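Engineer: Sharing a structure below in structure tokens format, with a few things to ask.
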There are 2 protein chains.
Amino acid sequence: MGRWEPDARGRLEAAALALYGEHGFEQTTVAEIAKRAGLTERTFFRHFADKREVLFWGAGTLQDFLVSAVAGAPDSAAPIDAVAAALEAVGPLFAERREGARQRQAVIAANAELRERELIKLASLASAIAGALRRRGVADPAASLAAEAGIAVFRIAFERWIKDTSPRDLQYFIRESLDELKAVTAGR
Amino acid sequence: MGRWEPDARGRLEAAALALYGEHGFEQTTVAEIAKRAGLTERTFFRHFADKREVLFWGAGTLQDFLVSAVAGAPDSAAPIDAVAAALEAVGPLFAERREGARQRQAVIAANAELRERELIKLASLASAIAGALRRRGVADPAASLAAEAGIAVFRIAFERWIKDTSPRDLQYFIRESLDELKAVTAGR
């Protein structure tokens with residue numbers, strides 16, 4: 001563990017995203033990622049199980065964060081408001097990472113296996129949020145529907161945010177998409 | 001092509017679902033399915049590309065049906081109502097198939113790869129419905145949100161229907177889940 005270690009993960013991630021974008025995910029090897037980052041393969045495997053994990057390592061953290069935020073919403077909050085507050089609270093975690101998120105999304109969009117993995121990740125998030133709502137005493141199907149609706153809002157907001165070039169933050173797009181969902185389900 | 005051919009697909013499907021339930025999807029071979037159905041492997045492969053397709057062959061038909069139904073909704077219908085009408089119109093297609101749907105769902109729930117395939121199928125349906133809404137002149141994100149919300153409603157309604165033991169039909173659960181989604185997004 002050298003002095004540079006605290007940065008190793010970030011450097012590996014940046015190198016991997018650049019290479020996946022340049023040559024495709026399939027074509028990129030761990031050796032190339034390590035080389036581009038100026039690190040060893042051994043260091044790569046200290047941080048990531050494989051090259052796919054570079055794209056998905058944040059999923060567990062995101063899930064834990066959302067579950068805690070739903071659990072911590074005021075008792076009086078309606079299910080959709082507890083979910084919305086949790087999603088908005090996620091926004092700042094991505095604040096400095098729009099360019100990385102953009103690169104990641106392009107890599108995933110270009111690869112069927114990665115698109116599947118992303119779908120599974122989102123389904124797990126919805127399922128975890130539904131569980132957190134049930135623990136708040138929300139019955140089904142309301143818990144599942146609020147969770148699924150929340151994840152649809154998040155996914156669509158995220159896509160709009162990374163395509164956007166203004167300084168508007170992810171929270172803005174989450175609020176916008178949620179308002180749009182409310183209008184849509186109200187039949188407008 | 002013998003006289004029994006019109007029934008071959010249905011017999012193969014019933015045999016496959018029974019075997020997947022008894023021994024697991026992974027453990028079942030095409031030879032066993034054909035034998036149980038009293039048919040040859042050759043006949044199996046005339047109807048299905050592989051043993052997974054027995055579980056997913058209806059997806060294309062379902063998608064075409066939903067897309068046509070969304071396209072055919074009255075011009076005045078709000079996006080969510082066009083989607084809801086399309087989903088309800090699907091109900092009768094499943095009317096006589098609750099037991100088969102129940103078996104299929106249990107097989108899918110027991111296998112990670114099949115769960116992934118099912119997620120992909122649902123994401124494709126949502127994407128196709130969003131496309132049909134855009135062709136009706138619905139802008140994004142409304143088109144995507146109405147489609148995703150509709151698929152969430154359908155998935156949850158379907159689960160409730162196959163667990164239910166009353167004679168209530170799938171349409172009933174679709175209307176119930178949609179009403180619940182409306183209540184949830186309205187913050188109730």
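How things are named: the first chain in the structure tokens is A, the next is B, and so on; residues count from 1 in each chain; ligands count from 1 in the order shown.
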So that I can check the surroundings of Ile129 (chain B), please list as a short mmCIF file (atom, residue, chain, number, x, y, z; two decimals) with C-alpha atoms, in the first residue's frame every protein, DNA and RNA residue that reaches within 12 Å of it, counting only C-alpha atoms and ignoring chain neighbours fewer than 5 positions away.
Structural biologist:
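Once everything was written out, this is around_24.cif:
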data_model
loop_
_atom_site.label_atom_id
_atom_site.label_comp_id
_atom_site.auth_asym_id
_atom_site.auth_seq_id
_atom_site.Cartn_x
_atom_site.Cartn_y
_atom_site.Cartn_z
CA LEU B 62 -47.84 -9.67 -26.04
CA GLN B 63 -45.65 -6.76 -27.12
CA ASP B 64 -47.31 -6.48 -30.55
CA PHE B 65 -50.71 -6.66 -28.92
CA LEU B 66 -49.91 -3.90 -26.41
CA VAL B 67 -48.38 -1.65 -29.06
CA SER B 68 -51.44 -2.04 -31.32
CA ALA B 69 -53.81 -1.42 -28.44
CA VAL B 70 -51.97 1.76 -27.39
CA ALA B 71 -51.96 2.95 -31.01
CA PRO B 79 -51.35 8.54 -22.03
CA ILE B 80 -51.98 6.58 -18.83
CA ALA B 82 -54.25 4.51 -23.36
CA VAL B 83 -51.77 2.27 -21.51
CA ALA B 84 -54.37 1.11 -19.00
CA ALA B 86 -54.12 -1.77 -23.55
CA LEU B 87 -53.19 -3.66 -20.38
CA LEU B 122 -40.65 -6.34 -19.09
CA ALA B 123 -38.14 -3.60 -19.95
CA SER B 124 -38.69 -4.32 -23.66
CA ARG B 134 -44.47 8.82 -28.74
CA ARG B 135 -46.09 7.93 -32.05
CA ARG B 136 -49.34 9.26 -30.54
CA VAL B 138 -46.80 12.11 -26.28
CA ALA B 142 -44.32 11.55 -20.03
CA ALA B 143 -44.20 8.72 -22.58
CA SER B 144 -41.51 6.80 -20.71
CA LEU B 145 -43.08 7.40 -17.32
CA ALA B 146 -46.56 6.32 -18.42
CA ALA B 147 -45.07 3.18 -20.00
CA GLU B 148 -42.92 2.30 -16.98
CA ALA B 149 -45.79 2.97 -14.61
CA GLY B 150 -48.04 0.80 -16.75
CA ILE B 151 -45.60 -2.09 -16.73
#
Engineer: Can you pull out every residue from region 19-176 of chain A that DSSP, working from the backbone, puts in alpha helix (DSSP H), and format the result as a VMD selection string?
Structural biologist: chain A and resid 19 to 23 30 to 37 41 to 47 53 to 56 59 to 71 79 to 90 98 to 109 112 to 135 142 to 163 170 to 176
Engineer: Nearest to Gly24 (chain A): which of A:Ala152, A:Ala130, A:Ala139, A:Leu114 is it, counting only C-alpha atoms?
Structural biologist: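 Looking at the shortest contact to Gly24 (chain A), the residue is A:Leu114.
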Engineer: Distance cut-off 6 Å, counting only C-alpha atoms - which residues of chain B neighbour chain A? Return them as a ChimeraX atom specification.
Structural biologist: /B:78,80,182,185,187-188
Engineer: With N, CA, C and O atoms kept, could you save the residues just selected as a PDB file, in the first residue's frame?
Structural biologist:
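Below is the file that was written, selection_36.pdb:
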ATOM      1  N   ALA B  78     -55.890  10.118 -22.463  1.00  0.00           N
ATOM      2  CA  ALA B  78     -54.624  10.531 -21.836  1.00  0.00           C
ATOM      3  C   ALA B  78     -53.656   9.349 -21.919  1.00  0.00           C
ATOM      4  O   ALA B  78     -54.092   8.196 -21.994  1.00  0.00           O
ATOM      5  N   ILE B  80     -51.814   7.673 -19.799  1.00  0.00           N
ATOM      6  CA  ILE B  80     -51.982   6.582 -18.827  1.00  0.00           C
ATOM      7  C   ILE B  80     -53.254   5.790 -19.131  1.00  0.00           C
ATOM      8  O   ILE B  80     -53.307   4.573 -18.903  1.00  0.00           O
ATOM      9  N   LYS B 182     -52.424   5.409  -8.657  1.00  0.00           N
ATOM     10  CA  LYS B 182     -52.926   6.788  -8.674  1.00  0.00           C
ATOM     11  C   LYS B 182     -52.986   7.363  -7.258  1.00  0.00           C
ATOM     12  O   LYS B 182     -52.597   8.515  -7.017  1.00  0.00           O
ATOM     13  N   THR B 185     -49.245   7.931  -6.047  1.00  0.00           N
ATOM     14  CA  THR B 185     -48.560   9.096  -6.591  1.00  0.00           C
ATOM     15  C   THR B 185     -49.231  10.393  -6.172  1.00  0.00           C
ATOM     16  O   THR B 185     -48.599  11.454  -6.171  1.00  0.00           O
ATOM     17  N   GLY B 187     -49.924  10.883  -3.271  1.00  0.00           N
ATOM     18  CA  GLY B 187     -49.404  11.099  -1.921  1.00  0.00           C
ATOM     19  C   GLY B 187     -50.333  10.598  -0.833  1.00  0.00           C
ATOM     20  O   GLY B 187     -50.232  11.022   0.321  1.00  0.00           O
ATOM     21  N   ARG B 188     -51.233   9.667  -1.230  1.00  0.00           N
ATOM     22  CA  ARG B 188     -52.101   9.101  -0.196  1.00  0.00           C
ATOM     23  C   ARG B 188     -51.495   7.820   0.351  1.00  0.00           C
ATOM     24  O   ARG B 188     -50.556   7.262  -0.195  1.00  0.00           O
TER      25      ARG B 188
END
Engineer: So how many Å separate CA of Pro167 (chain B) and CA of Val107 (chain B), to one decimal?
Structural biologist: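 Here the two named atoms are 23.3 Å from each other.
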Engineer: Figure out the distance between CA of His23 (chain B) and CA of Gln103 (chain B), please, to one decimal in Å.
Structural biologist: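 Here the two named atoms are 12.8 Å from each other.
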Engineer: For each of A:Ser166, A:Gln171, A:Gln27, A:Gln105, take the minimum atom-to-atom distance to Phe154 (chain A), counting only C-alpha atoms, then give the residue where this is smallest.
Structural biologist: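 Ranking A:Ser166, A:Gln171, A:Gln27, A:Gln105 by distance to Phe154 (chain A), first place goes to A:Gln171.
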Engineer: Report, in Å to a single decimal, how far apart CA of Pro92 (chain A) and CA of Ile33 (chain A) are.
Structural biologist: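 Those two atoms sit 28.0 Å apart.
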Engineer: If we count only C-alpha atoms, what is near Leu170 (chain A) at a cut-off of 10 Å, once residues fewer than 4 positions away on the same chain are taken out, given as a JSON list (two decimals) with all heavy atoms, in the first residue's frame?
Structural biologist:
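Result file follows (selection_6.json):
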[["chain", "number", "residue", "atom", "x", "y", "z"],
["A", 87, "LEU", "N", -34.68, 9.61, -2.89],
["A", 87, "LEU", "CA", -34.06, 9.76, -4.21],
["A", 87, "LEU", "C", -33.38, 11.12, -4.32],
["A", 87, "LEU", "O", -32.26, 11.23, -4.83],
["A", 87, "LEU", "CB", -35.11, 9.61, -5.32],
["A", 87, "LEU", "CG", -35.75, 8.22, -5.44],
["A", 87, "LEU", "CD1", -36.90, 8.26, -6.44],
["A", 87, "LEU", "CD2", -34.71, 7.17, -5.86],
["A", 88, "GLU", "N", -34.05, 12.16, -3.82],
["A", 88, "GLU", "CA", -33.45, 13.49, -3.90],
["A", 88, "GLU", "C", -32.18, 13.56, -3.05],
["A", 88, "GLU", "O", -31.22, 14.24, -3.41],
["A", 88, "GLU", "CB", -34.44, 14.55, -3.45],
["A", 88, "GLU", "CG", -35.45, 14.88, -4.53],
["A", 88, "GLU", "CD", -36.28, 16.10, -4.16],
["A", 88, "GLU", "OE1", -35.68, 17.12, -3.76],
["A", 88, "GLU", "OE2", -37.52, 16.01, -4.23],
["A", 89, "ALA", "N", -32.19, 12.84, -1.95],
["A", 89, "ALA", "CA", -31.01, 12.86, -1.07],
["A", 89, "ALA", "C", -29.81, 12.20, -1.74],
["A", 89, "ALA", "O", -28.66, 12.45, -1.37],
["A", 89, "ALA", "CB", -31.34, 12.15, 0.25],
["A", 90, "VAL", "N", -30.08, 11.35, -2.73],
["A", 90, "VAL", "CA", -29.00, 10.68, -3.47],
["A", 90, "VAL", "C", -28.28, 11.68, -4.39],
["A", 90, "VAL", "O", -27.10, 11.53, -4.67],
["A", 90, "VAL", "CB", -29.58, 9.52, -4.32],
["A", 90, "VAL", "CG1", -28.63, 9.11, -5.42],
["A", 90, "VAL", "CG2", -29.91, 8.33, -3.41],
["A", 91, "GLY", "N", -29.04, 12.67, -4.86],
["A", 91, "GLY", "CA", -28.52, 13.62, -5.84],
["A", 91, "GLY", "C", -27.10, 14.11, -5.55],
["A", 91, "GLY", "O", -26.21, 13.98, -6.41],
["A", 92, "PRO", "N", -26.86, 14.66, -4.35],
["A", 92, "PRO", "CA", -25.53, 15.21, -4.07],
["A", 92, "PRO", "C", -24.40, 14.19, -4.19],
["A", 92, "PRO", "O", -23.26, 14.56, -4.49],
["A", 92, "PRO", "CB", -25.66, 15.71, -2.62],
["A", 92, "PRO", "CG", -27.12, 15.99, -2.45],
["A", 92, "PRO", "CD", -27.83, 14.95, -3.27],
["A", 93, "LEU", "N", -24.71, 12.90, -4.03],
["A", 93, "LEU", "CA", -23.66, 11.88, -4.17],
["A", 93, "LEU", "C", -23.11, 11.86, -5.60],
["A", 93, "LEU", "O", -22.00, 11.41, -5.84],
["A", 93, "LEU", "CB", -24.20, 10.48, -3.86],
["A", 93, "LEU", "CG", -24.85, 10.23, -2.50],
["A", 93, "LEU", "CD1", -25.28, 8.78, -2.38],
["A", 93, "LEU", "CD2", -23.89, 10.59, -1.38],
["A", 94, "PHE", "N", -23.93, 12.31, -6.54],
["A", 94, "PHE", "CA", -23.52, 12.28, -7.94],
["A", 94, "PHE", "C", -23.04, 13.65, -8.44],
["A", 94, "PHE", "O", -22.63, 13.77, -9.59],
["A", 94, "PHE", "CB", -24.68, 11.80, -8.82],
["A", 94, "PHE", "CG", -25.00, 10.35, -8.67],
["A", 94, "PHE", "CD1", -25.98, 9.91, -7.79],
["A", 94, "PHE", "CD2", -24.29, 9.40, -9.40],
["A", 94, "PHE", "CE1", -26.27, 8.56, -7.64],
["A", 94, "PHE", "CE2", -24.57, 8.05, -9.26],
["A", 94, "PHE", "CZ", -25.56, 7.63, -8.38],
["A", 95, "ALA", "N", -23.11, 14.66, -7.56],
["A", 95, "ALA", "CA", -22.92, 16.05, -8.00],
["A", 95, "ALA", "C", -21.67, 16.26, -8.85],
["A", 95, "ALA", "O", -21.71, 16.91, -9.88],
["A", 95, "ALA", "CB", -22.93, 16.99, -6.81],
["A", 98, "ARG", "N", -20.97, 13.87, -13.00],
["A", 98, "ARG", "CA", -21.81, 13.80, -14.20],
["A", 98, "ARG", "C", -21.03, 13.23, -15.39],
["A", 98, "ARG", "O", -21.55, 12.40, -16.13],
["A", 98, "ARG", "CB", -22.43, 15.15, -14.55],
["A", 98, "ARG", "CG", -23.30, 15.07, -15.79],
["A", 98, "ARG", "CD", -24.52, 15.99, -15.78],
["A", 98, "ARG", "NE", -24.17, 17.39, -15.73],
["A", 98, "ARG", "CZ", -25.05, 18.38, -15.92],
["A", 98, "ARG", "NH1", -26.32, 18.10, -16.16],
["A", 98, "ARG", "NH2", -24.69, 19.63, -15.85],
["A", 154, "PHE", "N", -36.41, 7.82, -10.98],
["A", 154, "PHE", "CA", -34.95, 7.98, -10.83],
["A", 154, "PHE", "C", -34.22, 7.69, -12.14],
["A", 154, "PHE", "O", -33.35, 8.44, -12.56],
["A", 154, "PHE", "CB", -34.45, 7.05, -9.72],
["A", 154, "PHE", "CG", -32.98, 7.25, -9.42],
["A", 154, "PHE", "CD1", -32.55, 8.36, -8.72],
["A", 154, "PHE", "CD2", -32.04, 6.32, -9.85],
["A", 154, "PHE", "CE1", -31.20, 8.55, -8.44],
["A", 154, "PHE", "CE2", -30.69, 6.50, -9.58],
["A", 154, "PHE", "CZ", -30.26, 7.62, -8.88],
["A", 157, "ALA", "N", -34.96, 10.44, -14.66],
["A", 157, "ALA", "CA", -34.31, 11.68, -14.23],
["A", 157, "ALA", "C", -32.80, 11.59, -14.47],
["A", 157, "ALA", "O", -32.17, 12.54, -14.94],
["A", 157, "ALA", "CB", -34.59, 11.93, -12.74],
["A", 158, "PHE", "N", -32.23, 10.45, -14.17],
["A", 158, "PHE", "CA", -30.79, 10.26, -14.33],
["A", 158, "PHE", "C", -30.39, 10.41, -15.80],
["A", 158, "PHE", "O", -29.43, 11.10, -16.12],
["A", 158, "PHE", "CB", -30.39, 8.87, -13.81],
["A", 158, "PHE", "CG", -28.94, 8.78, -13.43],
["A", 158, "PHE", "CD1", -28.51, 9.13, -12.16],
["A", 158, "PHE", "CD2", -27.99, 8.34, -14.35],
["A", 158, "PHE", "CE1", -27.17, 9.06, -11.81],
["A", 158, "PHE", "CE2", -26.65, 8.26, -14.01],
["A", 158, "PHE", "CZ", -26.24, 8.61, -12.73],
["A", 159, "GLU", "N", -31.16, 9.78, -16.68],
["A", 159, "GLU", "CA", -30.88, 9.89, -18.12],
["A", 159, "GLU", "C", -30.97, 11.33, -18.59],
["A", 159, "GLU", "O", -30.16, 11.78, -19.40],
["A", 159, "GLU", "CB", -31.92, 9.08, -18.92],
["A", 159, "GLU", "CG", -31.49, 7.66, -19.15],
["A", 159, "GLU", "CD", -32.56, 6.85, -19.87],
["A", 159, "GLU", "OE1", -33.41, 7.45, -20.57],
["A", 159, "GLU", "OE2", -32.56, 5.62, -19.70],
["A", 160, "ARG", "N", -31.98, 12.04, -18.10],
["A", 160, "ARG", "CA", -32.15, 13.43, -18.52],
["A", 160, "ARG", "C", -31.00, 14.30, -17.97],
["A", 160, "ARG", "O", -30.50, 15.19, -18.66],
["A", 160, "ARG", "CB", -33.50, 13.98, -18.06],
["A", 160, "ARG", "CG", -34.64, 13.30, -18.82],
["A", 160, "ARG", "CD", -36.00, 13.65, -18.27],
["A", 160, "ARG", "NE", -36.43, 14.99, -18.63],
["A", 160, "ARG", "CZ", -36.96, 15.32, -19.80],
["A", 160, "ARG", "NH1", -37.13, 14.41, -20.73],
["A", 160, "ARG", "NH2", -37.34, 16.55, -20.05],
["A", 161, "TRP", "N", -30.61, 14.00, -16.75],
["A", 161, "TRP", "CA", -29.53, 14.77, -16.14],
["A", 161, "TRP", "C", -28.21, 14.59, -16.89],
["A", 161, "TRP", "O", -27.51, 15.56, -17.17],
["A", 161, "TRP", "CB", -29.37, 14.35, -14.66],
["A", 161, "TRP", "CG", -28.21, 14.97, -13.96],
["A", 161, "TRP", "CD1", -28.01, 16.29, -13.69],
["A", 161, "TRP", "CD2", -27.08, 14.27, -13.42],
["A", 161, "TRP", "NE1", -26.82, 16.46, -13.01],
["A", 161, "TRP", "CE2", -26.24, 15.24, -12.83],
["A", 161, "TRP", "CE3", -26.71, 12.92, -13.37],
["A", 161, "TRP", "CZ2", -25.04, 14.89, -12.21],
["A", 161, "TRP", "CZ3", -25.52, 12.59, -12.74],
["A", 161, "TRP", "CH2", -24.70, 13.56, -12.17],
["A", 162, "ILE", "N", -27.88, 13.37, -17.25],
["A", 162, "ILE", "CA", -26.57, 13.18, -17.91],
["A", 162, "ILE", "C", -26.58, 13.71, -19.34],
["A", 162, "ILE", "O", -25.55, 14.05, -19.88],
["A", 162, "ILE", "CB", -26.03, 11.73, -17.85],
["A", 162, "ILE", "CG1", -26.95, 10.76, -18.53],
["A", 162, "ILE", "CG2", -25.75, 11.31, -16.42],
["A", 162, "ILE", "CD1", -26.38, 9.34, -18.58],
["A", 164, "ASP", "N", -28.18, 16.46, -20.09],
["A", 164, "ASP", "CA", -28.33, 17.90, -19.96],
["A", 164, "ASP", "C", -26.97, 18.59, -19.89],
["A", 164, "ASP", "O", -25.99, 18.01, -19.42],
["A", 164, "ASP", "CB", -29.11, 18.17, -18.66],
["A", 164, "ASP", "CG", -29.51, 19.62, -18.54],
["A", 164, "ASP", "OD1", -30.29, 20.09, -19.38],
["A", 164, "ASP", "OD2", -29.03, 20.28, -17.60],
["A", 174, "ILE", "N", -35.04, 14.87, -10.73],
["A", 174, "ILE", "CA", -35.87, 13.95, -9.96],
["A", 174, "ILE", "C", -37.21, 14.61, -9.62],
["A", 174, "ILE", "O", -38.27, 14.00, -9.79],
["A", 174, "ILE", "CB", -35.13, 13.48, -8.68],
["A", 174, "ILE", "CG1", -33.96, 12.57, -9.09],
["A", 174, "ILE", "CG2", -36.08, 12.77, -7.73],
["A", 174, "ILE", "CD1", -33.01, 12.22, -7.95],
["A", 175, "ARG", "N", -37.14, 15.85, -9.18],
["A", 175, "ARG", "CA", -38.40, 16.57, -8.87],
["A", 175, "ARG", "C", -39.26, 16.72, -10.13],
["A", 175, "ARG", "O", -40.46, 16.49, -10.11],
["A", 175, "ARG", "CB", -38.10, 17.94, -8.25],
["A", 175, "ARG", "CG", -37.72, 17.87, -6.78],
["A", 175, "ARG", "CD", -37.66, 19.26, -6.15],
["A", 175, "ARG", "NE", -36.64, 20.10, -6.78],
["A", 175, "ARG", "CZ", -35.36, 20.16, -6.38],
["A", 175, "ARG", "NH1", -34.95, 19.45, -5.34],
["A", 175, "ARG", "NH2", -34.51, 20.94, -7.00],
["A", 176, "GLU", "N", -38.61, 17.07, -11.23],
["A", 176, "GLU", "CA", -39.33, 17.26, -12.49],
["A", 176, "GLU", "C", -40.01, 15.96, -12.93],
["A", 176, "GLU", "O", -41.18, 15.96, -13.31],
["A", 176, "GLU", "CB", -38.35, 17.74, -13.57],
["A", 176, "GLU", "CG", -39.01, 18.02, -14.91],
["A", 176, "GLU", "CD", -38.00, 18.05, -16.07],
["A", 176, "GLU", "OE1", -37.29, 17.05, -16.28],
["A", 176, "GLU", "OE2", -37.92, 19.08, -16.74]]
Engineer: Determine the nearest neighbour of Lys121 (chain A) from the options A:Gly60, A:Arg11, A:Tyr20, A:Glu26, counting only C-alpha atoms.
Structural biologist: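 Smallest separation from Lys121 (chain A) among the options: A:Gly60.
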